[in-house]
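Peer 1: Input query00.txt, format and content: compact mmCIF, C-alpha atoms.
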```
# COMPACT_ATOMS: atom_id res chain seq x y z
CA MET A 89 4.93 -31.49 -9.27
CA VAL A 90 6.60 -32.97 -12.34
CA LYS A 91 9.64 -30.75 -11.90
CA GLU A 92 10.07 -31.48 -8.23
CA ILE A 93 9.93 -35.21 -8.97
CA GLU A 94 12.52 -34.90 -11.72
CA LYS A 95 14.69 -32.59 -9.62
CA ALA A 96 14.92 -35.38 -7.06
CA GLY A 97 16.30 -37.62 -9.81
CA ILE A 98 13.20 -39.80 -10.22
CA THR A 99 12.43 -40.40 -13.89
CA VAL A 100 8.98 -39.05 -14.68
CA VAL A 101 6.66 -38.83 -17.65
CA GLN A 102 3.78 -36.39 -17.78
CA MET A 103 0.67 -37.57 -19.58
CA ALA A 104 -1.17 -34.40 -20.48
CA ASN A 105 -3.70 -33.05 -22.89
CA LEU A 106 -2.25 -29.54 -22.87
CA ILE A 107 1.19 -30.48 -24.11
CA PRO A 108 2.25 -26.83 -24.69
CA VAL A 109 1.45 -26.08 -21.05
CA ALA A 110 3.35 -29.16 -19.87
CA LYS A 111 6.26 -28.06 -22.03
CA THR A 112 6.20 -24.51 -20.72
CA VAL A 113 5.93 -25.68 -17.15
CA GLY A 114 9.05 -27.74 -17.76
CA ALA A 115 8.15 -31.42 -18.17
CA ASN A 116 10.88 -33.31 -20.04
CA ARG A 117 9.10 -36.54 -21.04
CA MET A 118 5.55 -36.05 -22.28
CA VAL A 119 2.87 -38.31 -23.71
CA PRO A 120 -0.33 -36.74 -25.05
CA THR A 121 -3.75 -37.69 -23.69
CA ILE A 122 -7.03 -37.24 -25.52
CA SER A 123 -8.86 -34.68 -23.39
CA ILE A 124 -8.99 -32.92 -20.07
CA PRO A 125 -12.05 -34.62 -18.47
CA TYR A 126 -11.12 -38.09 -19.77
CA PRO A 127 -7.40 -38.19 -20.50
CA LEU A 128 -7.26 -41.92 -21.25
CA GLY A 129 -10.61 -43.15 -22.53
CA ASP A 130 -13.41 -41.40 -24.42
CA PRO A 131 -16.73 -42.45 -22.79
CA ASN A 132 -18.44 -42.07 -26.17
CA THR A 133 -16.46 -45.02 -27.48
CA SER A 134 -16.73 -48.68 -26.47
CA GLN A 135 -15.09 -49.98 -23.31
CA GLU A 136 -12.86 -52.09 -25.49
CA ASN A 137 -11.64 -49.10 -27.48
CA GLN A 138 -11.09 -47.11 -24.33
CA TRP A 139 -9.03 -49.92 -22.87
CA LYS A 140 -6.97 -50.26 -26.06
CA LEU A 141 -6.21 -46.56 -26.09
CA ARG A 142 -5.31 -46.47 -22.42
CA TYR A 143 -3.15 -49.59 -22.60
CA HIS A 144 -1.36 -48.22 -25.66
CA ARG A 145 -0.67 -44.76 -24.24
CA VAL A 146 0.47 -46.05 -20.84
CA GLY A 147 2.77 -48.35 -22.85
CA VAL A 148 4.18 -45.31 -24.66
CA ALA A 149 4.67 -43.67 -21.26
CA LEU A 150 6.68 -46.70 -20.12
CA ASP A 151 8.70 -46.57 -23.35
CA SER A 152 9.46 -42.92 -22.65
CA LEU A 153 10.77 -43.76 -19.20
CA GLU A 154 13.21 -46.20 -20.81
CA THR A 155 14.38 -43.70 -23.40
CA ASP A 156 17.37 -41.43 -22.90
CA ILE A 157 16.57 -37.92 -24.16
CA ASP A 158 18.64 -34.78 -24.45
CA LYS A 159 15.80 -32.28 -24.70
CA GLN A 160 12.11 -31.96 -23.88
CA THR A 161 10.41 -34.71 -25.85
CA VAL A 162 6.81 -35.44 -26.76
CA PHE A 163 6.47 -39.16 -27.45
CA LYS A 164 4.26 -40.19 -30.36
CA VAL A 165 1.15 -42.26 -29.85
CA LYS A 166 -0.61 -44.39 -32.44
CA ILE A 167 -4.13 -44.47 -31.01
CA MET B 191 -7.15 11.58 6.79
CA LYS B 192 -5.46 8.19 6.53
CA LYS B 193 -1.94 7.69 7.81
CA ALA B 194 1.09 6.25 6.07
CA ILE B 195 4.59 5.26 7.17
CA LEU B 196 7.60 4.96 4.86
CA TYR B 197 10.68 2.75 5.15
CA LEU B 198 14.01 3.98 3.72
CA ASN B 199 17.61 2.80 3.78
CA GLN B 200 20.49 4.83 5.22
CA PHE B 201 21.20 6.50 1.91
CA PHE B 202 17.72 7.78 1.09
CA GLY B 203 17.14 8.38 4.79
CA GLN B 204 19.99 10.91 4.55
CA ILE B 205 22.19 9.23 7.13
CA GLY B 206 25.03 8.51 4.71
CA GLY B 207 26.49 6.04 2.23
CA GLU B 208 28.05 2.60 2.45
CA ASP B 209 30.14 3.59 5.47
CA VAL B 210 26.99 3.78 7.57
CA ALA B 211 25.18 0.85 5.99
CA ASP B 212 25.15 -0.85 9.37
CA PHE B 213 22.96 1.92 10.79
CA ALA B 214 20.48 0.40 13.27
CA PRO B 215 16.77 1.11 12.66
CA GLU B 216 15.35 4.44 13.77
CA ILE B 217 11.94 5.99 13.46
CA ARG B 218 11.54 9.72 12.90
CA GLU B 219 8.43 11.77 13.07
CA GLY B 220 7.68 13.56 9.86
CA LEU B 221 9.13 13.51 6.40
CA ILE B 222 12.63 12.62 5.29
CA GLY B 223 13.88 12.34 1.70
CA PRO B 224 11.39 10.53 -0.56
CA ALA B 225 8.75 10.88 2.17
CA LEU B 226 8.26 14.49 1.03
CA PRO B 227 7.18 13.76 -2.54
CA LEU B 228 5.26 10.68 -1.38
CA ASN B 229 3.31 12.80 1.07
CA GLN B 230 2.57 15.30 -1.68
CA LYS B 231 1.47 12.68 -4.20
CA LEU B 232 -0.89 11.10 -1.71
CA LYS B 233 -2.94 14.22 -2.38
CA GLY B 234 -4.48 14.57 1.01
CA VAL B 235 -5.91 11.04 0.97
CA ALA B 236 -3.20 10.10 3.44
CA GLU B 237 -0.33 11.81 5.16
CA VAL B 238 3.08 10.32 5.86
CA THR B 239 3.46 10.63 9.61
CA HIS B 240 6.74 8.81 10.18
CA THR B 241 9.84 7.71 8.32
CA ILE B 242 11.75 4.60 9.35
CA ILE B 243 15.43 4.39 8.43
CA CYS B 244 17.57 1.28 8.55
CA GLY B 245 21.00 0.57 7.08
CA ASP B 246 20.95 -2.02 4.30
CA ASN B 247 23.72 -4.05 5.90
CA PHE B 248 22.07 -3.94 9.28
CA MET B 249 18.91 -5.36 7.73
CA GLY B 250 20.98 -7.85 5.75
CA SER B 251 23.02 -9.30 8.57
CA ASN B 252 20.71 -8.74 11.56
CA GLN B 253 17.42 -9.27 9.80
CA ASP B 254 15.47 -10.69 12.72
CA GLU B 255 16.65 -7.99 15.09
CA ALA B 256 15.99 -5.24 12.55
CA ILE B 257 12.47 -6.44 11.81
CA GLU B 258 11.69 -6.95 15.48
CA THR B 259 12.89 -3.43 16.31
CA ILE B 260 10.85 -1.88 13.53
CA LEU B 261 7.71 -3.82 14.43
CA GLU B 262 8.21 -2.57 17.99
CA PHE B 263 8.40 1.03 16.67
CA LEU B 264 5.14 0.53 14.84
CA LYS B 265 3.25 -1.11 17.68
CA ASP B 266 1.82 2.10 19.11
CA LYS B 267 1.54 4.00 15.83
CA GLU B 268 -1.66 4.44 13.93
CA PHE B 269 -1.22 3.79 10.23
CA ASP B 270 -3.36 2.56 7.37
CA ILE B 271 -0.70 1.75 4.82
CA PHE B 272 3.02 1.01 4.75
CA PHE B 273 5.41 2.01 1.98
CA ALA B 274 9.04 1.04 1.38
CA GLY B 275 11.53 2.40 -1.10
CA PRO B 276 11.51 2.85 -4.05
CA ALA B 277 14.54 0.57 -4.18
CA PHE B 278 15.39 0.89 -7.90
CA ARG B 279 18.09 -1.64 -8.76
CA ALA B 280 19.67 -1.78 -5.31
CA GLY B 281 19.63 -5.44 -4.34
CA ARG B 282 20.09 -5.21 -0.60
CA TYR B 283 17.61 -2.35 -0.39
CA GLY B 284 15.08 -4.30 -2.46
CA SER B 285 15.46 -7.33 -0.26
CA ALA B 286 15.12 -5.12 2.83
CA CYS B 287 11.96 -3.46 1.47
CA GLY B 288 10.48 -6.89 0.73
CA ASN B 289 11.35 -8.30 4.13
CA ILE B 290 10.00 -5.38 6.11
CA CYS B 291 6.84 -5.10 3.98
CA LYS B 292 6.16 -8.79 4.46
CA ALA B 293 6.63 -8.55 8.22
CA VAL B 294 4.48 -5.42 8.54
CA LYS B 295 1.72 -6.93 6.41
CA GLU B 296 1.69 -10.10 8.49
CA LYS B 297 1.78 -8.34 11.84
CA PHE B 298 -0.51 -5.36 11.26
CA ASN B 299 -2.59 -6.52 8.31
CA VAL B 300 -2.29 -3.23 6.42
CA PRO B 301 -1.62 -2.92 2.70
CA VAL B 302 2.06 -2.61 1.78
CA VAL B 303 3.51 -1.10 -1.39
CA THR B 304 7.06 -0.96 -2.68
CA SER B 305 8.79 -0.35 -5.99
CA MET B 306 11.80 -2.01 -7.60
CA ASN B 307 13.46 -2.32 -10.96
CA ASP B 308 12.97 -5.66 -12.71
CA GLU B 309 16.66 -6.46 -12.24
CA ASN B 310 16.33 -6.18 -8.49
CA PRO B 311 16.47 -9.69 -6.95
CA GLY B 312 13.87 -8.52 -4.44
CA VAL B 313 11.30 -8.77 -7.23
CA GLU B 314 11.60 -12.54 -7.61
CA MET B 315 11.81 -12.97 -3.87
CA PHE B 316 8.72 -11.03 -2.92
CA LYS B 317 6.50 -10.29 -5.91
CA SER B 318 4.04 -13.05 -5.10
CA GLU B 319 3.51 -11.68 -1.62
CA MET B 320 2.97 -7.96 -2.13
CA TYR B 321 2.48 -5.18 -4.62
CA ILE B 322 5.88 -4.32 -6.06
CA LEU B 323 5.58 -1.60 -8.67
CA LYS B 324 7.80 -1.70 -11.72
CA GLY B 325 10.37 0.95 -10.95
CA GLY B 326 13.28 2.67 -12.63
CA ALA B 327 16.90 1.54 -12.63
CA SER B 328 18.19 4.46 -10.59
CA ALA B 329 17.17 7.35 -8.38
CA ALA B 330 16.75 9.45 -11.51
CA LYS B 331 13.28 7.87 -11.64
CA MET B 332 12.50 8.79 -8.05
CA ARG B 333 9.64 11.16 -8.82
CA LEU B 334 7.94 8.76 -11.19
CA ASP B 335 8.31 5.72 -8.93
CA VAL B 336 7.09 7.61 -5.87
CA LYS B 337 4.09 8.83 -7.86
CA ASP B 338 3.25 5.25 -8.88
CA MET B 339 3.51 4.09 -5.29
CA ALA B 340 1.26 6.92 -4.13
CA ASN B 341 -1.33 6.23 -6.84
CA LEU B 342 -1.61 2.54 -5.99
CA GLY B 343 -1.65 3.47 -2.29
CA ILE B 344 -4.57 5.83 -2.84
CA LYS B 345 -6.53 3.10 -4.61
CA LEU B 346 -5.84 0.65 -1.82
CA LEU B 347 -6.81 3.15 0.86
CA LYS B 348 -10.03 4.05 -0.93
CA GLY B 349 -10.85 0.37 -1.40
CA GLU B 350 -10.98 0.78 -5.16
CA GLU B 351 -10.67 -2.22 -7.43
CA ILE B 352 -7.04 -3.08 -8.12
CA LEU B 353 -6.75 -4.01 -11.79
CA SER B 354 -4.42 -6.56 -13.29
CA ALA B 355 -0.66 -6.40 -12.83
CA GLU B 356 -0.25 -5.09 -16.35
CA GLU B 357 -2.84 -2.33 -15.98
CA GLU B 358 -1.59 -1.16 -12.60
CA GLY B 359 2.11 -1.59 -13.29
CA TYR B 360 3.04 -4.00 -10.53
CA TYR B 361 4.78 -7.35 -11.00
CA GLY B 362 2.33 -10.21 -11.51
CA ARG B 363 1.80 -11.99 -8.25
CA GLY B 364 0.87 -15.30 -9.83
CA LYS B 365 -2.73 -14.84 -8.72
CA ARG B 366 -5.68 -15.43 -11.01
CA HIS B 367 -8.80 -13.35 -10.74
CA GLN B 368 -12.22 -13.72 -12.24
CA LYS B 369 -12.92 -10.82 -14.52
CA TRP B 370 -16.22 -9.54 -15.90
CA LEU B 371 -15.79 -8.12 -19.36
CA ASN B 372 -17.72 -5.07 -20.39
CA PRO B 373 -19.16 -5.57 -22.94
CA PRO B 374 -19.25 -9.32 -22.34
CA VAL B 375 -17.52 -11.43 -24.98
CA ASN B 376 -17.69 -15.14 -24.34
CA ALA B 377 -14.65 -17.36 -24.33
CA THR B 378 -15.42 -19.06 -27.65
CA ASP B 379 -15.51 -15.70 -29.43
CA ARG B 380 -12.34 -14.56 -27.74
CA VAL B 381 -10.43 -17.69 -28.63
CA ILE B 382 -11.56 -17.53 -32.28
CA ASP B 383 -10.51 -13.87 -32.43
CA MET B 384 -7.14 -14.85 -31.02
CA LEU B 385 -6.79 -17.71 -33.50
CA LEU B 386 -7.65 -15.45 -36.46
CA LYS B 387 -5.09 -12.92 -35.33
CA LYS B 388 -2.51 -15.66 -35.00
CA ILE B 389 -3.28 -16.94 -38.51
CA ARG B 390 -3.02 -13.42 -39.90
CA GLY B 391 0.28 -12.97 -38.13
CA GLU B 392 -1.15 -10.17 -36.01
CA LYS B 393 -0.35 -9.47 -32.40
CA PHE B 394 -2.59 -11.04 -29.80
CA THR B 395 -2.54 -11.26 -26.05
CA THR B 396 -2.92 -14.59 -24.33
CA GLU B 397 -5.29 -14.89 -21.39
CA LEU B 398 -3.04 -17.51 -19.83
CA PRO B 399 0.42 -16.03 -19.58
CA ILE B 400 2.92 -18.65 -18.46
CA PRO B 401 6.03 -17.68 -16.50
CA GLU B 402 9.36 -18.17 -18.20
CA LEU B 403 10.84 -21.61 -18.54
CA ASP B 404 12.88 -22.97 -15.72
CA LEU B 405 13.97 -26.40 -16.88
CA VAL B 406 15.22 -29.14 -14.61
CA PRO B 407 17.96 -31.59 -15.59
CA ILE B 408 16.55 -34.60 -17.40
CA ALA B 409 16.45 -37.69 -15.23
CA PRO B 410 18.15 -40.75 -16.75
CA ALA B 411 16.22 -43.49 -18.54
CA ILE B 412 15.21 -46.56 -16.54
CA LYS B 413 17.70 -49.31 -17.39
CA ASP B 414 15.69 -52.36 -16.43
CA MET B 415 11.99 -51.69 -16.53
CA SER B 416 11.20 -55.26 -15.50
CA LYS B 417 12.60 -54.48 -12.05
CA ALA B 418 11.37 -50.91 -11.72
CA LYS B 419 8.82 -49.71 -9.20
CA ILE B 420 6.44 -47.31 -10.95
CA ALA B 421 4.20 -44.85 -9.10
CA LEU B 422 1.08 -43.16 -10.42
CA ALA B 423 0.41 -39.52 -9.62
CA THR B 424 -2.22 -37.09 -10.80
CA SER B 425 -3.31 -33.48 -10.61
CA GLY B 426 -6.78 -34.63 -11.68
CA GLY B 427 -8.23 -34.83 -8.18
CA ILE B 428 -9.00 -38.56 -8.02
CA VAL B 429 -9.65 -39.48 -4.37
CA PRO B 430 -11.57 -42.07 -2.34
CA VAL B 431 -15.22 -40.93 -2.52
CA GLU B 432 -15.21 -39.61 1.05
CA ASN B 433 -12.14 -37.46 0.26
CA PRO B 434 -10.56 -38.32 3.64
CA ASP B 435 -7.83 -35.68 3.44
CA ARG B 436 -10.28 -32.98 2.42
CA ILE B 437 -8.25 -31.97 -0.61
CA GLN B 438 -9.69 -28.74 -1.98
CA SER B 439 -11.54 -28.79 -5.31
CA ALA B 440 -9.61 -25.75 -6.50
CA SER B 441 -6.54 -23.83 -5.35
CA ALA B 442 -5.43 -26.96 -3.53
CA THR B 443 -2.92 -26.82 -0.72
CA ARG B 444 -3.30 -30.48 0.24
CA TRP B 445 -2.43 -33.76 -1.45
CA GLY B 446 -3.14 -37.36 -0.61
CA LYS B 447 -1.72 -40.83 -1.14
CA TYR B 448 -4.03 -43.81 -1.23
CA ASP B 449 -3.44 -47.54 -1.03
CA ILE B 450 -4.02 -49.37 -4.30
CA SER B 451 -1.94 -52.43 -3.48
CA LYS B 452 -4.96 -54.75 -3.56
CA LEU B 453 -6.70 -53.17 -6.54
CA ASP B 454 -6.50 -54.00 -10.22
CA ASN B 455 -8.32 -50.83 -11.18
CA LEU B 456 -9.94 -47.81 -9.54
CA PRO B 457 -13.61 -48.75 -9.19
CA SER B 458 -16.30 -46.16 -9.71
CA GLY B 459 -18.13 -45.47 -6.46
CA VAL B 460 -14.95 -46.14 -4.50
CA PHE B 461 -12.95 -43.39 -6.16
CA LYS B 462 -14.13 -40.18 -7.80
CA THR B 463 -12.75 -36.81 -8.80
CA ILE B 464 -13.14 -33.68 -6.72
CA HIS B 465 -11.47 -31.47 -9.34
CA ALA B 466 -13.63 -28.39 -9.91
CA GLY B 467 -11.98 -27.50 -13.20
CA TYR B 468 -13.50 -30.15 -15.47
CA ASP B 469 -16.69 -32.14 -15.99
CA PRO B 470 -16.36 -35.04 -13.53
CA ALA B 471 -18.80 -37.41 -15.31
CA ALA B 472 -16.24 -39.51 -17.19
CA ALA B 473 -13.70 -39.72 -14.36
CA ASP B 474 -16.41 -40.56 -11.81
CA ALA B 475 -17.78 -43.29 -14.07
CA ASN B 476 -14.31 -44.76 -14.54
CA PRO B 477 -11.48 -43.21 -12.52
CA ASP B 478 -8.96 -45.24 -14.56
CA VAL B 479 -9.40 -42.78 -17.45
CA CYS B 480 -7.56 -40.33 -15.23
CA VAL B 481 -5.31 -42.62 -13.16
CA PRO B 482 -4.68 -45.64 -15.42
CA LEU B 483 -4.14 -48.26 -12.73
CA ASP B 484 -5.82 -50.97 -14.84
CA ALA B 485 -3.37 -50.55 -17.69
CA LEU B 486 -0.33 -50.29 -15.44
CA ARG B 487 -1.45 -53.39 -13.52
CA ALA B 488 -1.69 -55.25 -16.82
CA TYR B 489 1.91 -54.32 -17.63
CA GLU B 490 2.91 -55.51 -14.17
CA LYS B 491 1.26 -58.90 -14.77
CA GLU B 492 3.01 -59.20 -18.12
CA GLY B 493 6.34 -58.53 -16.42
CA ARG B 494 6.87 -55.38 -18.48
CA ILE B 495 7.41 -53.48 -15.22
CA GLY B 496 8.64 -54.71 -11.86
CA LYS B 497 5.92 -53.39 -9.61
CA VAL B 498 3.18 -50.80 -9.32
CA HIS B 499 3.90 -48.71 -6.20
CA ASP B 500 1.40 -49.49 -3.45
CA TYR B 501 0.09 -45.94 -3.31
CA PHE B 502 -0.94 -43.36 -5.85
CA TYR B 503 -0.48 -39.65 -5.23
CA THR B 504 -3.11 -37.05 -5.96
CA THR B 505 -4.01 -33.40 -5.73
CA VAL B 506 -6.05 -30.85 -7.67
CA GLY B 507 -4.29 -28.75 -10.24
CA THR B 508 -6.80 -25.99 -10.92
CA GLY B 509 -6.15 -22.52 -9.56
CA THR B 510 -3.24 -24.02 -7.65
CA THR B 511 -0.33 -21.61 -7.51
CA GLN B 512 3.03 -22.73 -8.81
CA LYS B 513 4.44 -22.13 -5.38
CA GLU B 514 1.94 -24.47 -3.70
CA ALA B 515 2.33 -27.01 -6.48
CA ALA B 516 6.09 -27.01 -6.01
CA ARG B 517 5.76 -27.36 -2.25
CA MET B 518 3.36 -30.29 -2.58
CA GLY B 519 5.64 -31.78 -5.23
CA ARG B 520 8.57 -31.68 -2.83
CA GLU B 521 6.53 -33.36 -0.11
CA ILE B 522 5.28 -36.03 -2.50
CA VAL B 523 8.75 -36.75 -3.86
CA GLU B 524 10.10 -37.22 -0.36
CA ASP B 525 7.56 -39.96 0.15
CA MET B 526 8.40 -41.49 -3.22
CA LEU B 527 12.10 -41.51 -2.43
CA SER B 528 11.61 -43.18 0.92
CA ALA B 529 9.45 -45.83 -0.77
CA GLY B 530 12.09 -46.54 -3.40
CA VAL B 531 10.03 -45.42 -6.38
CA ASP B 532 12.08 -45.61 -9.60
CA ALA B 533 9.80 -43.78 -12.00
CA VAL B 534 6.51 -41.92 -12.08
CA ILE B 535 3.64 -41.61 -14.51
CA LEU B 536 1.95 -38.30 -13.78
CA THR B 537 -1.37 -37.59 -15.42
CA SER B 538 -2.68 -34.06 -15.59
CA THR B 539 -6.08 -32.79 -16.59
```
Could you express the structure from this file as structure tokens?

Peer 2:
Amino acid sequence: MVKEIEKAGITVVQMANLIPVAKTVGANRMVPTISIPYPLGDPNTSQENQWKLRYHRVGVALDSLETDIDKQTVFKVKI
Amino acid sequence: MKKAILYLNQFFGQIGGEDVADFAPEIREGLIGPALPLNQKLKGVAEVTHTIICGDNFMGSNQDEAIETILEFLKDKEFDIFFAGPAFRAGRYGSACGNICKAVKEKFNVPVVTSMNDENPGVEMFKSEMYILKGGASAAKMRLDVKDMANLGIKLLKGEEILSAEEEGYYGRGKRHQKWLNPPVNATDRVIDMLLKKIRGEKFTTELPIPELDLVPIAPAIKDMSKAKIALATSGGIVPVENPDRIQSASATRWGKYDISKLDNLPSGVFKTIHAGYDPAAADANPDVCVPLDALRAYEKEGRIGKVHDYFYTTVGTGTTQKEAARMGREIVEDMLSAGVDAVILTST
């Protein structure tokens, strides 16, 4: 899906836990998530922490969409 | 005894070379060229009753007519399996073998087997749809390739278990199968073994082979994010709880788009996941952990982005073939383009 979107010229970021798979499949902008069943919020942590993490990583995803890249890039997250 | 029919081009069908490559399809009773060794190698499990011959150019430039004629030949014939080739590295022949095998399989629902060299473009075109054995580069490998075709044919005719692409020597069809190990070794042990081998610098074989990279040109950065329309998409199977489009929980062939224009988040009990490949508890309890509408909406309110697109797009990414995923991707992107979406955040699970 990510490749077809990008092929059409729409800028896309893939938020994925399995970054090597995303890379191999051919995503160009990638932001890591924390797990497969809960990519953006660990239910074992407080709602507030989950929100902070999600807000931060979606923010990184937006940053990535604004960033010109010349090769496949995994954007760094802080939390 | 079971019955087999073999397809050959003009050259192997002993009609002639390039000068007669526009030879129209014919069916002959009995054995011609490679049909002889094929018949022998089928070891009495099946006999080759007919040989079909068609010029490569005829098949290439009059494909519909050629296929129609051949299907007509086969209509009143009894046969349990259909062979084509081997085609070695001959591109037109490989493509012809693939096309006719595909048509015969669809029309008569019998197993089809062919053989091609890995350089033959027919491999990429047809490997996901049929058994194509890994064949030699030239007719020097005729005996070997015919033997491989016969062996796989015998297994298919006897209803024996067809092992993995690697074990049987055909090109991987991009299909995943459940496999019972004997003796059983559970996944945690296997992955630790693999890790130890990797650390020791030893060879190991992945259980999730990924096809070679096929990169797409990088789309340009968004110049003015404060005016951009951002869409959310996921392969994590988040849908309205009633799953109105009946998207499958695995091996999905359907996708959906759902209105979120009036929502600030994806409430539990209104949305859930139908993805069969992960524990749904967390995503059911809070679908935003998979499709982060709440966070994106916050950025919209702050003016960081122009607008959240009114719909999010969803399907299930487990067991889904790359072909289906690509097809759904193309359909989804068409919708995105017509809606003027500037950028997409795609979450995968």

Peer 1: Within 12 Å of (19.5, -7.8, 7.6) (file coordinates; all atoms listed in the file), which protein or nucleic acid residues are there? I'd like them as a ChimeraX atom specification.

Peer 2: /B:199,211-215,244-259,282-290

Peer 1: Show me which bits of chain A are within 6 Å of chain B, counting only C-alpha atoms, as JSON, numbers by chain.

Peer 2: {"A": [89, 92, 93, 94, 97, 98, 99, 100, 101, 102, 103, 104, 112, 114, 124, 125, 126, 127, 128, 129, 143, 153, 154, 155, 156]}

Peer 1: Quick one: pull the distance between CA of Met306 (chain B) and CA of Ile352 (chain B), Å, one decimal.

Peer 2: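 CA of Ile352 (chain B) lies 18.9 Å from CA of Met306 (chain B).
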
Peer 1: Go through A:Ala149, A:Thr133, A:Val90, A:Val162 one by one, measure the shortest atom-to-atom distance of each to Ile107 (chain A) using all atoms listed in the file, and give the residue with the smallest value.

Peer 2: A:Val162

Peer 1: With all atoms listed in the file counted, which protein, DNA or RNA residues have an atom no more than 12 Å from (-8.3, 15.0, -4.4) in the file frame? Please answer as JSON, numbers by chain.

Peer 2: {"B": [191, 230, 231, 232, 233, 234, 235, 236, 341, 344, 348]}

Peer 1: Go through B:Ile195, B:Ala442, B:Phe202, B:Met339 and flag the residue nearest Val238 (chain B), using all atoms listed in the file for the distances.

Peer 2: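 Closest residue, counting all atoms listed in the file: B:Ile195.
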
Peer 1: Skipping near chain neighbours, those fewer than 6 positions away, what residues fall within 6 Å of region 443-449 of chain B using all atoms listed in the file, listed as an MDAnalysis selection string?

Peer 2: chainID B and resid 437 500:505

Peer 1: So that I have them on file, write out the residues from the current selection with C-alpha atoms, as a compact mmCIF listing (two decimals), keeping the file's coordinate frame.

Peer 2:
```
# COMPACT_ATOMS: atom_id res chain seq x y z
CA ILE B 437 -8.25 -31.97 -0.61
CA ASP B 500 1.40 -49.49 -3.45
CA TYR B 501 0.09 -45.94 -3.31
CA PHE B 502 -0.94 -43.36 -5.85
CA TYR B 503 -0.48 -39.65 -5.23
CA THR B 504 -3.11 -37.05 -5.96
CA THR B 505 -4.01 -33.40 -5.73
```

Peer 1: Which is closest to Gly349 (chain B) among B:Ile271, B:Val313, B:Ile243, B:Ile205, if we use all atoms listed in the file?

Peer 2: B:Ile271
